[in-house]
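Colleague: Before I ask anything, let me first share the structure, which is written out below as structure tokens.
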Amino acid sequence: MNPNQSGIKTWQWVVTVVVIIALIIIGIMVFGNKKTDTSDTLGTDLSTNQSSTDTTNRVSLLDQYPGNVVYLTSVQLVAPGWVVIHEDNSGQPGDIIGSAYFDKGINPGKITLTKSMVDGRTYYAMLHSDDGDKKFNATKDLPLKNTAGSIIMQIFHASISVSNEIKG
């Protein structure tokens, strides 16, 4: 065996190992520090008696086609609760235009609204607790908060440019 070929193979192994280690370190830096809560949240305190919950409560949805149905990609709840759709009121959640009850766990779903969404407007999908009666009451079924004290919600928009597959 030629001594130069042995040196090249050793060099290739060393470079391969260094590249793999670098990729592992980059992967840990990029993916290891990401927070698992991907929803948009606002730190607005709507009530002083709201309870904090684990960050495993989440709501996920895409922008919606204007109409009277909101399609939820995923609702994750530690305990049964509500997803409540609010209209925008100057950058904050405003009037409630729909709600749906969800069991604990991870579920997709949809909410039929009492008022249709309008193209170009902003809306909020907010998680609320349930007081045990499975009937939504805005004064008893309070917004859920994450461990940082922010209300768990996702902001979305109504847009006619959304795919026809997501029509409400």
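FYI, nothing fancy with the structure tokens labels: chains A, B, ... in order, residues from 1 per chain, ligands from 1 as they appear.
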Which residues are near Thr73 in chain A? Cut-off 8 Å, only C-alpha atoms, ignore same chain within fewer than 3 positions. Put them as a tab-separated table (two decimals) with N, CA and C atoms, in the first residue's frame.
Modeller:
chain	number	residue	atom	x	y	z
A	59	VAL	N	-52.59	26.53	20.77
A	59	VAL	CA	-53.53	26.56	19.66
A	59	VAL	C	-52.73	26.93	18.41
A	60	SER	N	-53.02	26.23	17.32
A	60	SER	CA	-52.30	26.47	16.07
A	60	SER	C	-53.29	26.50	14.92
A	61	LEU	N	-53.16	27.53	14.08
A	61	LEU	CA	-53.98	27.64	12.89
A	61	LEU	C	-53.30	28.54	11.89
A	62	LEU	N	-53.75	28.45	10.65
A	62	LEU	CA	-53.23	29.28	9.57
A	62	LEU	C	-54.18	30.43	9.33
A	108	PRO	N	-57.50	18.40	16.21
A	108	PRO	CA	-57.80	19.43	15.21
A	108	PRO	C	-59.25	19.84	15.43
A	109	GLY	N	-59.72	20.86	14.75
A	109	GLY	CA	-61.11	21.22	14.92
A	109	GLY	C	-61.52	22.41	14.07
Colleague: Please provide as a list of chain:residue names all residues within 9 Å of Asp131 in chain A, with the sequence filter that same-chain residues fewer than 4 positions apart are discarded (counting only C-alpha atoms).
Modeller: A:Gly81, A:Lys135, A:Phe136, A:Asn137, A:Lys140, A:Asp141, A:Leu142
Colleague: Give the answer as one residue: which of A:Ala79, A:Asn146, A:Leu72, A:Tyr123 has the shortest atom-to-atom distance to Ile97 in chain A, using only C-alpha atoms?
Modeller: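 Of all the options, A:Tyr123 lies closest to Ile97 in chain A.
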Colleague: Would you kindly return, as number ranges by chain, each protein, DNA or RNA residue with an atom no farther than 10 Å from any atom of Gly105 in chain A, considering only C-alpha atoms and excluding same-chain residues fewer than 3 positions away?
Modeller: A: 56-57, 74-80, 102
Colleague: Using DSSP assignments from the backbone, pull out every residue in range 107-163 of chain A that falls under strand (DSSP E or B) and give it to me as a ChimeraX atom specification.
Modeller: /A:107-112,122-129,143,145,151-158
Colleague: One decimal, Å: what's the distance from CA of Gly132 in chain A over to CA of Ser116 in chain A, could you say?
Modeller: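 Pair CA of Gly132 in chain A / CA of Ser116 in chain A returns 28.7 Å.
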Colleague: Have a look at CA of Asp119 in chain A and CA of Pro66 in chain A and let me know their distance in Å, one decimal.
Modeller: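 Distance reported for this atom pair: 5.5 Å.
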Colleague: If you count only C-alpha atoms, which residues fall within 8 Å of Ala158 in chain A, apart from same-chain ones fewer than 6 positions away, as a list in words?
Modeller: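 After dropping sequence-adjacent residues, the list is Asp63, Gln64, Tyr65, Pro66, Met117, Val118, Asp119, Gly120, Arg121, Thr122 and Tyr123 of chain A.
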Colleague: Deliver the residues from the most recent selection as a file, using C-alpha atoms, as a PDB file, in the first residue's frame.
Modeller:
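To be explicit, this is the file written out as out-v6.pdb:
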ATOM      1  CA  ASP A  63     -54.689  32.429   8.068  1.00  0.00           C
ATOM      2  CA  GLN A  64     -58.287  31.757   7.058  1.00  0.00           C
ATOM      3  CA  TYR A  65     -60.440  32.339   3.989  1.00  0.00           C
ATOM      4  CA  PRO A  66     -63.150  34.910   4.862  1.00  0.00           C
ATOM      5  CA  MET A 117     -64.658  37.060   8.997  1.00  0.00           C
ATOM      6  CA  VAL A 118     -63.857  39.948   6.652  1.00  0.00           C
ATOM      7  CA  ASP A 119     -60.982  39.946   4.149  1.00  0.00           C
ATOM      8  CA  GLY A 120     -57.939  41.807   5.475  1.00  0.00           C
ATOM      9  CA  ARG A 121     -58.995  41.850   9.130  1.00  0.00           C
ATOM     10  CA  THR A 122     -57.135  40.412  12.122  1.00  0.00           C
ATOM     11  CA  TYR A 123     -58.591  37.851  14.526  1.00  0.00           C
TER      12      TYR A 123
END
Colleague: When you count only C-alpha atoms, which of these residues is closest to Lys134 in chain A: A:Ser90, A:Val70, A:Tyr101, A:Val15?
Modeller: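 Going through A:Ser90, A:Val70, A:Tyr101, A:Val15 one by one, the smallest distance to Lys134 in chain A is for A:Tyr101.
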Colleague: Of the candidates A:Ile96, A:Leu144, A:Ile85, A:Ile24, which shows the shortest atom-to-atom distance to Phe156 in chain A, using only C-alpha atoms?
Modeller: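 Closest to Phe156 in chain A of all the choices is A:Ile85.
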Colleague: Can you tell me how far CA of Thr112 in chain A sits from CA of Asn68 in chain A, in Å to one decimal?
Modeller: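 That distance, rounded to one decimal, is 5.8 Å.
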